[in-house]
Structure formats: structure tokens, C-alpha cells
>>> print(open('data_18.tsv').read())   # TSV, N, CA and C atoms
chain	number	residue	atom	x	y	z
A	119	MET	N	139.04	139.26	134.44
A	119	MET	CA	138.51	140.49	133.91
A	119	MET	C	139.63	141.47	133.54
A	120	ASP	N	140.62	141.60	134.43
A	120	ASP	CA	141.74	142.51	134.17
A	120	ASP	C	142.54	142.08	132.96
A	121	LYS	N	142.65	140.77	132.75
A	121	LYS	CA	143.40	140.27	131.59
A	121	LYS	C	142.69	140.66	130.30
A	122	GLU	N	141.38	140.57	130.30
A	122	GLU	CA	140.61	140.93	129.10
A	122	GLU	C	140.78	142.42	128.79
A	123	VAL	N	140.76	143.23	129.81
A	123	VAL	CA	140.95	144.67	129.63
A	123	VAL	C	142.36	144.95	129.11
A	124	ALA	N	143.35	144.27	129.65
A	124	ALA	CA	144.73	144.46	129.21
A	124	ALA	C	144.91	144.04	127.76
A	125	VAL	N	144.27	142.91	127.39
A	125	VAL	CA	144.36	142.43	126.01
A	125	VAL	C	143.71	143.44	125.07
A	126	LEU	N	142.54	143.94	125.45
A	126	LEU	CA	141.86	144.94	124.62
A	126	LEU	C	142.69	146.21	124.51
A	127	GLN	N	143.32	146.60	125.59
A	127	GLN	CA	144.15	147.80	125.57
A	127	GLN	C	145.33	147.63	124.62
A	128	ARG	N	145.98	146.47	124.64
A	128	ARG	CA	147.09	146.21	123.73
A	128	ARG	C	146.62	146.21	122.27
A	129	LYS	N	145.47	145.59	122.03
A	129	LYS	CA	144.92	145.58	120.66
A	129	LYS	C	144.63	147.00	120.20
A	130	LEU	N	144.06	147.78	121.11
A	130	LEU	CA	143.73	149.17	120.79
A	130	LEU	C	144.99	149.97	120.47
A	131	GLU	N	146.02	149.80	121.27
A	131	GLU	CA	147.29	150.50	121.04
A	131	GLU	C	147.94	150.08	119.72
A	132	ALA	N	147.89	148.78	119.42
A	132	ALA	CA	148.47	148.28	118.17
A	132	ALA	C	147.71	148.84	116.97
A	133	GLU	N	146.39	148.85	117.07
A	133	GLU	CA	145.57	149.37	115.96
A	133	GLU	C	145.80	150.86	115.78
A	134	LEU	N	145.96	151.57	116.88
A	134	LEU	CA	146.22	153.01	116.81
A	134	LEU	C	147.58	153.28	116.17
A	135	LYS	N	148.57	152.47	116.52
A	135	LYS	CA	149.90	152.60	115.92
A	135	LYS	C	149.83	152.39	114.41
A	136	ASN	N	149.11	151.34	113.98
A	136	ASN	CA	148.96	151.08	112.54
A	136	ASN	C	148.25	152.23	111.84
A	137	PHE	N	147.24	152.78	112.50
A	137	PHE	CA	146.49	153.90	111.92
A	137	PHE	C	147.40	155.11	111.75
A	138	LYS	N	148.21	155.41	112.76
A	138	LYS	CA	149.12	156.56	112.68
A	138	LYS	C	150.15	156.37	111.57
A	139	GLU	N	150.65	155.14	111.42
A	139	GLU	CA	151.60	154.86	110.34
A	139	GLU	C	150.95	155.06	108.97
A	140	SER	N	149.70	154.64	108.84
A	140	SER	CA	149.01	154.83	107.57
A	140	SER	C	148.76	156.31	107.30
A	141	GLN	N	148.56	157.11	108.36
A	141	GLN	CA	148.39	158.55	108.18
A	141	GLN	C	149.69	159.19	107.68
A	142	LYS	N	150.83	158.74	108.22
A	142	LYS	CA	152.12	159.26	107.75
A	142	LYS	C	152.32	158.92	106.27
A	143	GLU	N	152.01	157.67	105.92
A	143	GLU	CA	152.15	157.24	104.53
A	143	GLU	C	151.21	158.05	103.63
A	144	PHE	N	150.00	158.30	104.11
A	144	PHE	CA	149.03	159.09	103.36
A	144	PHE	C	149.57	160.50	103.12
A	145	SER	N	150.15	161.08	104.15
A	145	SER	CA	150.71	162.43	104.04
A	145	SER	C	151.82	162.47	102.99
A	146	LYS	N	152.68	161.46	102.99
A	146	LYS	CA	153.76	161.39	102.00
A	146	LYS	C	153.21	161.27	100.58
A	147	LEU	N	152.16	160.45	100.43
A	147	LEU	CA	151.56	160.27	99.10
A	147	LEU	C	150.93	161.56	98.60
A	148	VAL	N	150.27	162.29	99.48
A	148	VAL	CA	149.65	163.56	99.09
A	148	VAL	C	150.73	164.56	98.68
A	149	GLN	N	151.82	164.58	99.43
A	149	GLN	CA	152.93	165.47	99.11
A	149	GLN	C	153.52	165.11	97.73
A	150	THR	N	153.69	163.82	97.48
A	150	THR	CA	154.20	163.36	96.19
A	150	THR	C	153.25	163.76	95.07
A	151	GLN	N	151.96	163.60	95.31
A	151	GLN	CA	150.97	163.95	94.30
A	151	GLN	C	151.02	165.45	93.98
A	152	GLN	N	151.18	166.28	95.00
A	152	GLN	CA	151.28	167.72	94.78
A	152	GLN	C	152.52	168.06	93.97
A	153	GLN	N	153.62	167.40	94.28
A	153	GLN	CA	154.86	167.63	93.55
A	153	GLN	C	154.70	167.23	92.09
A	154	LEU	N	154.07	166.08	91.86
A	154	LEU	CA	153.85	165.61	90.49
A	154	LEU	C	152.91	166.55	89.74
A	155	ASP	N	151.90	167.08	90.42
A	155	ASP	CA	150.99	168.04	89.79
A	155	ASP	C	151.77	169.26	89.31
A	156	GLY	N	152.66	169.75	90.15
A	156	GLY	CA	153.48	170.90	89.78
A	156	GLY	C	154.35	170.60	88.57
A	157	GLN	N	154.96	169.43	88.56
A	157	GLN	CA	155.80	169.04	87.41
A	157	GLN	C	154.96	168.87	86.15
A	158	TYR	N	153.75	168.34	86.32
A	158	TYR	CA	152.87	168.12	85.17
A	158	TYR	C	152.51	169.46	84.52
A	159	PHE	N	152.06	170.42	85.34
A	159	PHE	CA	151.65	171.71	84.79
A	159	PHE	C	152.83	172.49	84.22
A	160	GLU	N	153.99	172.35	84.83
A	160	GLU	CA	155.19	172.99	84.30
A	160	GLU	C	155.54	172.40	82.92
A	161	SER	N	155.48	171.08	82.81
A	161	SER	CA	155.79	170.43	81.54
A	161	SER	C	154.76	170.78	80.47
A	162	LYS	N	153.49	170.89	80.88
A	162	LYS	CA	152.44	171.27	79.92
A	162	LYS	C	152.70	172.66	79.37
A	163	SER	N	153.08	173.59	80.23
A	163	SER	CA	153.34	174.96	79.75
A	163	SER	C	154.58	174.99	78.86
A	164	ILE	N	155.58	174.17	79.18
A	164	ILE	CA	156.77	174.09	78.32
A	164	ILE	C	156.39	173.56	76.95
A	165	LEU	N	155.55	172.53	76.93
A	165	LEU	CA	155.11	171.95	75.64
A	165	LEU	C	154.33	172.99	74.83
A	166	GLU	N	153.48	173.77	75.50
A	166	GLU	CA	152.73	174.82	74.80
A	166	GLU	C	153.68	175.84	74.19
A	167	GLU	N	154.71	176.19	74.93
A	167	GLU	CA	155.71	177.14	74.42
A	167	GLU	C	156.44	176.54	73.23
A	168	LEU	N	156.79	175.26	73.31
A	168	LEU	CA	157.50	174.61	72.20
A	168	LEU	C	156.60	174.50	70.97
A	169	GLN	N	155.30	174.34	71.17
A	169	GLN	CA	154.37	174.23	70.04
A	169	GLN	C	154.32	175.54	69.23
A	170	MET	N	154.59	176.65	69.90
A	170	MET	CA	154.55	177.95	69.22
A	170	MET	C	155.79	178.20	68.36
A	171	LEU	N	156.85	177.44	68.60
A	171	LEU	CA	158.10	177.65	67.86
A	171	LEU	C	158.02	177.08	66.44
A	172	LYS	N	158.79	177.68	65.58
A	172	LYS	CA	158.93	177.17	64.21
A	172	LYS	C	160.10	176.20	64.19
A	173	PRO	N	160.12	175.27	63.23
A	173	PRO	CA	161.23	174.31	63.15
A	173	PRO	C	162.60	174.98	63.00
A	174	THR	N	162.62	176.20	62.52
A	174	THR	CA	163.90	176.89	62.33
A	174	THR	C	164.42	177.56	63.61
A	175	ASN	N	163.54	177.65	64.63
A	175	ASN	CA	163.97	178.24	65.89
A	175	ASN	C	165.00	177.35	66.58
A	176	THR	N	165.76	177.95	67.46
A	176	THR	CA	166.79	177.22	68.19
A	176	THR	C	166.34	177.03	69.64
A	177	VAL	N	166.52	175.80	70.10
A	177	VAL	CA	166.19	175.46	71.48
A	177	VAL	C	167.45	174.96	72.16
A	178	TYR	N	167.64	175.38	73.40
A	178	TYR	CA	168.79	174.93	74.17
A	178	TYR	C	168.32	174.19	75.41
A	179	LYS	N	169.06	173.16	75.75
A	179	LYS	CA	168.74	172.40	76.96
A	179	LYS	C	169.92	172.55	77.91
A	180	LEU	N	169.60	172.72	79.19
A	180	LEU	CA	170.63	172.90	80.20
A	180	LEU	C	171.10	171.55	80.72
A	181	TYR	N	172.36	171.24	80.49
A	181	TYR	CA	173.01	170.03	81.02
A	181	TYR	C	174.08	170.50	81.99
A	182	GLY	N	173.76	170.42	83.28
A	182	GLY	CA	174.70	170.93	84.27
A	182	GLY	C	174.90	172.42	84.06
A	183	PRO	N	176.15	172.87	83.92
A	183	PRO	CA	176.40	174.30	83.70
A	183	PRO	C	176.44	174.69	82.22
A	184	VAL	N	176.13	173.74	81.32
A	184	VAL	CA	176.29	173.98	79.88
A	184	VAL	C	174.94	173.97	79.17
A	185	LEU	N	174.75	174.94	78.27
A	185	LEU	CA	173.58	174.94	77.39
A	185	LEU	C	173.94	174.21	76.11
A	186	VAL	N	173.14	173.21	75.75
A	186	VAL	CA	173.40	172.41	74.56
A	186	VAL	C	172.25	172.62	73.59
A	187	LYS	N	172.60	172.84	72.32
A	187	LYS	CA	171.60	173.06	71.28
A	187	LYS	C	170.82	171.76	71.08
A	188	GLN	N	169.47	171.91	70.93
A	188	GLN	CA	168.63	170.73	70.75
A	188	GLN	C	167.60	171.03	69.67
A	189	ASP	N	167.26	170.02	68.90
A	189	ASP	CA	166.25	170.14	67.85
A	189	ASP	C	164.88	170.39	68.49
A	190	VAL	N	164.06	171.24	67.85
A	190	VAL	CA	162.74	171.58	68.39
A	190	VAL	C	161.87	170.33	68.52
A	191	GLU	N	161.86	169.49	67.50
A	191	GLU	CA	161.04	168.27	67.53
A	191	GLU	C	161.51	167.32	68.63
A	192	GLU	N	162.81	167.22	68.78
A	192	GLU	CA	163.35	166.37	69.83
A	192	GLU	C	162.92	166.89	71.21
A	193	SER	N	162.94	168.21	71.38
A	193	SER	CA	162.51	168.81	72.63
A	193	SER	C	161.03	168.51	72.90
A	194	LYS	N	160.22	168.63	71.85
A	194	LYS	CA	158.78	168.34	71.99
A	194	LYS	C	158.57	166.89	72.40
A	195	GLN	N	159.31	165.98	71.78
A	195	GLN	CA	159.18	164.56	72.11
A	195	GLN	C	159.60	164.29	73.56
A	196	ASN	N	160.71	164.90	73.97
A	196	ASN	CA	161.20	164.70	75.34
A	196	ASN	C	160.18	165.19	76.38
A	197	VAL	N	159.63	166.37	76.12
A	197	VAL	CA	158.64	166.93	77.05
A	197	VAL	C	157.37	166.08	77.02
A	198	GLY	N	156.99	165.61	75.84
A	198	GLY	CA	155.82	164.73	75.72
A	198	GLY	C	156.00	163.45	76.51
A	199	LYS	N	157.19	162.87	76.43
A	199	LYS	CA	157.49	161.65	77.20
A	199	LYS	C	157.46	161.94	78.70
A	200	ARG	N	157.97	163.08	79.08
A	200	ARG	CA	157.96	163.45	80.50
A	200	ARG	C	156.51	163.60	81.00
A	201	ILE	N	155.66	164.21	80.19
A	201	ILE	CA	154.25	164.36	80.55
A	201	ILE	C	153.58	163.00	80.67
A	202	GLU	N	153.91	162.10	79.75
A	202	GLU	CA	153.37	160.73	79.80
A	202	GLU	C	153.77	160.04	81.10
A	203	TYR	N	155.04	160.14	81.43
A	203	TYR	CA	155.55	159.50	82.65
A	203	TYR	C	154.89	160.09	83.89
A	204	ILE	N	154.80	161.42	83.94
A	204	ILE	CA	154.19	162.08	85.10
A	204	ILE	C	152.72	161.69	85.23
A	205	THR	N	152.03	161.58	84.11
A	205	THR	CA	150.62	161.19	84.12
A	205	THR	C	150.46	159.79	84.71
A	206	LYS	N	151.34	158.87	84.30
A	206	LYS	CA	151.28	157.51	84.86
A	206	LYS	C	151.57	157.52	86.36
A	207	GLU	N	152.54	158.31	86.76
A	207	GLU	CA	152.88	158.41	88.19
A	207	GLU	C	151.73	159.02	88.99
A	208	LEU	N	151.06	160.02	88.41
A	208	LEU	CA	149.92	160.63	89.08
A	208	LEU	C	148.80	159.62	89.27
A	209	LYS	N	148.56	158.79	88.25
A	209	LYS	CA	147.52	157.77	88.34
A	209	LYS	C	147.88	156.75	89.42
A	210	ARG	N	149.13	156.32	89.42
A	210	ARG	CA	149.59	155.35	90.41
A	210	ARG	C	149.45	155.93	91.82
A	211	CYS	N	149.81	157.18	91.96
A	211	CYS	CA	149.74	157.85	93.25
A	211	CYS	C	148.28	157.98	93.71
A	212	ALA	N	147.39	158.33	92.80
A	212	ALA	CA	145.96	158.45	93.13
A	212	ALA	C	145.40	157.09	93.54
A	213	ASP	N	145.79	156.04	92.83
A	213	ASP	CA	145.34	154.69	93.19
A	213	ASP	C	145.82	154.30	94.58
A	214	ASN	N	147.08	154.61	94.88
A	214	ASN	CA	147.63	154.32	96.21
A	214	ASN	C	146.90	155.10	97.30
A	215	ILE	N	146.57	156.35	97.00
A	215	ILE	CA	145.83	157.18	97.97
A	215	ILE	C	144.45	156.58	98.23
A	216	ASN	N	143.77	156.15	97.16
A	216	ASN	CA	142.45	155.54	97.33
A	216	ASN	C	142.53	154.26	98.16
A	217	GLN	N	143.52	153.43	97.89
A	217	GLN	CA	143.69	152.20	98.66
A	217	GLN	C	143.97	152.51	100.12
A	218	LEU	N	144.79	153.51	100.35
A	218	LEU	CA	145.14	153.87	101.72
A	218	LEU	C	143.94	154.47	102.45
A	219	GLU	N	143.11	155.24	101.74
A	219	GLU	CA	141.90	155.78	102.36
A	219	GLU	C	140.98	154.64	102.80
A	220	GLN	N	140.85	153.61	101.96
A	220	GLN	CA	140.03	152.46	102.34
A	220	GLN	C	140.62	151.75	103.55
A	221	LYS	N	141.93	151.62	103.55
A	221	LYS	CA	142.62	150.98	104.67
A	221	LYS	C	142.40	151.78	105.96
A	222	GLN	N	142.47	153.10	105.86
A	222	GLN	CA	142.26	153.95	107.02
A	222	GLN	C	140.82	153.85	107.53
A	223	ASP	N	139.87	153.72	106.62
A	223	ASP	CA	138.47	153.54	107.03
A	223	ASP	C	138.31	152.27	107.86
A	224	LYS	N	139.00	151.21	107.44
A	224	LYS	CA	138.95	149.95	108.20
A	224	LYS	C	139.58	150.13	109.57
A	225	PHE	N	140.72	150.84	109.61
A	225	PHE	CA	141.37	151.11	110.89
A	225	PHE	C	140.43	151.88	111.82
A	226	ARG	N	139.75	152.91	111.26
A	226	ARG	CA	138.83	153.71	112.07
A	226	ARG	C	137.71	152.84	112.64
A	227	ALA	N	137.15	151.99	111.79
A	227	ALA	CA	136.06	151.12	112.23
A	227	ALA	C	136.55	150.17	113.33
A	228	ASN	N	137.73	149.59	113.12
A	228	ASN	CA	138.30	148.69	114.13
A	228	ASN	C	138.59	149.42	115.43
A	229	LEU	N	139.13	150.62	115.32
A	229	LEU	CA	139.42	151.40	116.52
A	229	LEU	C	138.14	151.71	117.29
A	230	GLN	N	137.12	152.08	116.56
A	230	GLN	CA	135.85	152.40	117.21
A	230	GLN	C	135.28	151.16	117.92
A	231	LYS	N	135.34	150.03	117.25
A	231	LYS	CA	134.84	148.78	117.83
A	231	LYS	C	135.64	148.41	119.09
A	232	LEU	N	136.97	148.51	118.98
A	232	LEU	CA	137.82	148.18	120.12
A	232	LEU	C	137.59	149.14	121.29
A	233	GLN	N	137.39	150.42	120.99
A	233	GLN	CA	137.12	151.39	122.05
A	233	GLN	C	135.82	151.06	122.77
A	234	GLN	N	134.81	150.68	122.01
A	234	GLN	CA	133.53	150.31	122.62
A	234	GLN	C	133.69	149.08	123.51
A	235	GLN	N	134.42	148.09	123.02
A	235	GLN	CA	134.66	146.88	123.81
A	235	GLN	C	135.45	147.23	125.08
A	236	TYR	N	136.44	148.09	124.92
A	236	TYR	CA	137.27	148.48	126.06
A	236	TYR	C	136.42	149.18	127.13
A	237	HIS	N	135.59	150.14	126.68
A	237	HIS	CA	134.75	150.86	127.63
A	237	HIS	C	133.73	149.93	128.29
A	238	SER	N	133.22	148.98	127.56
A	238	SER	CA	132.28	147.99	128.14
A	238	SER	C	132.99	147.16	129.20
A	239	GLN	N	134.20	146.72	128.89
A	239	GLN	CA	134.97	145.92	129.86
A	239	GLN	C	135.31	146.74	131.10
A	240	MET	N	135.64	148.00	130.89
A	240	MET	CA	135.97	148.86	132.03
A	240	MET	C	134.74	149.08	132.91
A	241	ALA	N	133.57	149.25	132.28
A	241	ALA	CA	132.34	149.44	133.05
A	241	ALA	C	132.01	148.17	133.85
A	242	LEU	N	132.23	147.01	133.22
A	242	LEU	CA	131.98	145.73	133.92
A	242	LEU	C	132.97	145.54	135.07
A	243	ALA	N	134.19	145.97	134.85
A	243	ALA	CA	135.22	145.80	135.88
A	243	ALA	C	134.93	146.66	137.12
A	244	LYS	N	134.28	147.80	136.90
A	244	LYS	CA	133.97	148.70	138.02
A	244	LYS	C	132.82	148.17	138.87
A	245	GLN	N	132.02	147.29	138.29
A	245	GLN	CA	130.85	146.77	139.03
A	245	GLN	C	131.20	145.75	140.04
>>> encode(input="data_18.tsv", output="C-alpha cells")
Amino acid sequence: MDKEVAVLQRKLEAELKNFKESQKEFSKLVQTQQQLDGQYFESKSILEELQMLKPTNTVYKLYGPVLVKQDVEESKQNVGKRIEYITKELKRCADNINQLEQKQDKFRANLQKLQQQYHSQMALAKQ
């Protein structure tokens, strides 16, 4: 009887460890998603500003400590590509979050089942 309880306890601890690791990973993914959201909206506002410019306007890009003159259309294309990339990353991040949520649901169900088994074994052991 004691061996069964010990085995259940080890399983429970292992499952809890996996669940906590998935929570850490989930937290990192949410943080990444928030960062990407910020970059996305910043890039969108930059693109809106660039759309208001005329082709004769001058745009400068910061390379390290130096401002370099850049064509307006080239700037629009660069920002458009950045928005495209960020959008793909946001989708990938959302997909990973969804997968991790499903994984966490399984961990929760397993933990609950193991806890019930553990409590049943403990009640039997006391008898």
C-alpha cells in the first residue's frame, strides 16, 4: 500500500513540475506576443505617417549614430515588410499559445485525476 502511495506521489510531483514549466513557457509567449503587438502598432503608425508624405519629401533612417537619407517608397516597402514579418510572428505566437493552453488543460486534468487517486490511496492506507 505504501509503495502505491509513493508511486502516486512521484507521478503527482512530476506532473506538477511539467505543469509549472508549461506555465513559465506560457508566460514567456504572452510577453513575446505583447512585445510584438507593440512593434506592430508602432510600425502601422509609421506606415500611416509615410503614406501622408509626398514623393519629393525627404526621409532619413537612423543607422547607429548616423542619419542616412532614404527614398520614401523604399521606406514604405521596408515598413510594409516589417509589418508582414511581425504579423507572421504574431500568428505563430498565437498558435503556440493555443497549443500550450491545450497542453495545460491536459496537465490540469491529469493532476486532478492523480490527486483523487492519491487521496483515495491515503484514505485506504489509514483504514
>>> residues_around(input="data_18.tsv", residues="segment 183-193 of chain A", least_positions_apart="4", cutoff="10 Å", atoms="only C-alpha atoms", output="ChimeraX atom specification")
/A:164-165,168-169,171-179,197-199
>>> atom_distance(input="data_18.tsv", atom1="atom C of Asn228 of chain A", atom2="atom C of Leu130 of chain A")
8.2 Å
>>> select_by_dssp(input="data_18.tsv", residues="chain A", states="helix (DSSP H, G or I)", output="VMD selection string")
chain A and resid 120 to 170 190 to 244
>>> residues_around(input="data_18.tsv", residues="Tyr158 of chain A", least_positions_apart="2", cutoff="12 Å", atoms="only C-alpha atoms", output="number ranges by chain")
A: 151-156, 160-165, 197-208
>>> select_by_dssp(input="data_18.tsv", residues="chain A", states="strand (DSSP E)", output="PyMOL selection string")
chain A and resi 177-181+184-188
>>> atom_distance(input="data_18.tsv", atom1="atom CA of Leu134 of chain A", atom2="atom CA of Arg210 of chain A")
26.7 Å
>>> residues_around(input="data_18.tsv", residues="segment 218-222 of chain A", least_positions_apart="6", cutoff="8 Å", atoms="only C-alpha atoms", output="PyMOL selection string")
chain A and resi 137+140-141+144
>>> atom_distance(input="data_18.tsv", atom1="atom C of Leu147 of chain A", atom2="atom N of Ile215 of chain A")
7.0 Å
>>> decode(input="data_18.tsv", residues="segment 190-201 of chain A", atoms="all heavy atoms", output="short mmCIF file (atom, residue, chain, number, x, y, z; two decimals), in the first residue's frame")
data_model
loop_
_atom_site.label_atom_id
_atom_site.label_comp_id
_atom_site.auth_asym_id
_atom_site.auth_seq_id
_atom_site.Cartn_x
_atom_site.Cartn_y
_atom_site.Cartn_z
N VAL A 190 11.38 57.66 -50.09
CA VAL A 190 10.08 57.48 -49.41
C VAL A 190 9.49 56.11 -49.73
O VAL A 190 9.01 55.39 -48.85
CB VAL A 190 9.10 58.61 -49.79
CG1 VAL A 190 7.73 58.35 -49.19
CG2 VAL A 190 9.63 59.96 -49.34
N GLU A 191 9.52 55.72 -51.00
CA GLU A 191 8.96 54.42 -51.41
C GLU A 191 9.73 53.26 -50.78
O GLU A 191 9.13 52.27 -50.35
CB GLU A 191 8.96 54.28 -52.94
CG GLU A 191 7.88 55.09 -53.64
CD GLU A 191 6.47 54.78 -53.11
OE1 GLU A 191 6.11 53.58 -53.00
OE2 GLU A 191 5.75 55.73 -52.80
N GLU A 192 11.03 53.41 -50.72
CA GLU A 192 11.84 52.37 -50.10
C GLU A 192 11.48 52.24 -48.61
O GLU A 192 11.38 51.13 -48.08
CB GLU A 192 13.33 52.70 -50.26
CG GLU A 192 14.25 51.65 -49.70
CD GLU A 192 15.72 52.04 -49.85
OE1 GLU A 192 16.05 53.01 -50.57
OE2 GLU A 192 16.55 51.36 -49.21
N SER A 193 11.27 53.37 -47.95
CA SER A 193 10.88 53.36 -46.55
C SER A 193 9.53 52.67 -46.36
O SER A 193 9.35 51.88 -45.44
CB SER A 193 10.79 54.79 -46.00
OG SER A 193 12.05 55.40 -46.01
N LYS A 194 8.59 52.98 -47.26
CA LYS A 194 7.26 52.35 -47.18
C LYS A 194 7.37 50.84 -47.35
O LYS A 194 6.72 50.08 -46.64
CB LYS A 194 6.34 52.92 -48.26
CG LYS A 194 5.87 54.32 -48.01
CD LYS A 194 4.98 54.78 -49.15
CE LYS A 194 4.64 56.25 -49.05
NZ LYS A 194 3.82 56.72 -50.18
N GLN A 195 8.20 50.42 -48.30
CA GLN A 195 8.38 48.98 -48.53
C GLN A 195 9.01 48.30 -47.32
O GLN A 195 8.59 47.21 -46.92
CB GLN A 195 9.25 48.75 -49.78
CG GLN A 195 8.55 49.05 -51.08
CD GLN A 195 9.48 48.92 -52.27
OE1 GLN A 195 10.69 48.72 -52.10
NE2 GLN A 195 8.94 49.04 -53.47
N ASN A 196 10.03 48.94 -46.75
CA ASN A 196 10.70 48.36 -45.58
C ASN A 196 9.73 48.20 -44.40
O ASN A 196 9.71 47.17 -43.74
CB ASN A 196 11.89 49.21 -45.15
CG ASN A 196 13.05 49.11 -46.11
OD1 ASN A 196 13.10 48.22 -46.95
ND2 ASN A 196 13.97 50.06 -46.03
N VAL A 197 8.94 49.24 -44.16
CA VAL A 197 7.98 49.19 -43.05
C VAL A 197 6.90 48.15 -43.36
O VAL A 197 6.47 47.40 -42.48
CB VAL A 197 7.39 50.59 -42.77
CG1 VAL A 197 6.28 50.50 -41.74
CG2 VAL A 197 8.47 51.54 -42.30
N GLY A 198 6.48 48.08 -44.62
CA GLY A 198 5.49 47.07 -45.02
C GLY A 198 6.00 45.66 -44.79
O GLY A 198 5.27 44.79 -44.30
N LYS A 199 7.27 45.43 -45.13
CA LYS A 199 7.87 44.11 -44.90
C LYS A 199 7.97 43.81 -43.40
O LYS A 199 7.75 42.67 -42.98
CB LYS A 199 9.26 44.05 -45.54
CG LYS A 199 9.24 43.97 -47.04
CD LYS A 199 10.63 43.98 -47.62
CE LYS A 199 10.59 44.06 -49.13
NZ LYS A 199 11.94 44.20 -49.70
N ARG A 200 8.30 44.82 -42.63
CA ARG A 200 8.38 44.63 -41.18
C ARG A 200 7.00 44.26 -40.61
O ARG A 200 6.88 43.36 -39.78
CB ARG A 200 8.89 45.90 -40.50
CG ARG A 200 9.16 45.70 -39.03
CD ARG A 200 9.71 46.92 -38.32
NE ARG A 200 10.61 47.73 -39.10
CZ ARG A 200 10.60 49.06 -39.12
NH1 ARG A 200 9.73 49.73 -38.40
NH2 ARG A 200 11.47 49.73 -39.83
N ILE A 201 5.96 44.93 -41.09
CA ILE A 201 4.59 44.62 -40.65
C ILE A 201 4.22 43.20 -41.03
O ILE A 201 3.62 42.46 -40.24
CB ILE A 201 3.59 45.65 -41.23
CG1 ILE A 201 3.79 47.00 -40.55
CG2 ILE A 201 2.15 45.16 -41.06
CD1 ILE A 201 3.02 48.14 -41.17
#
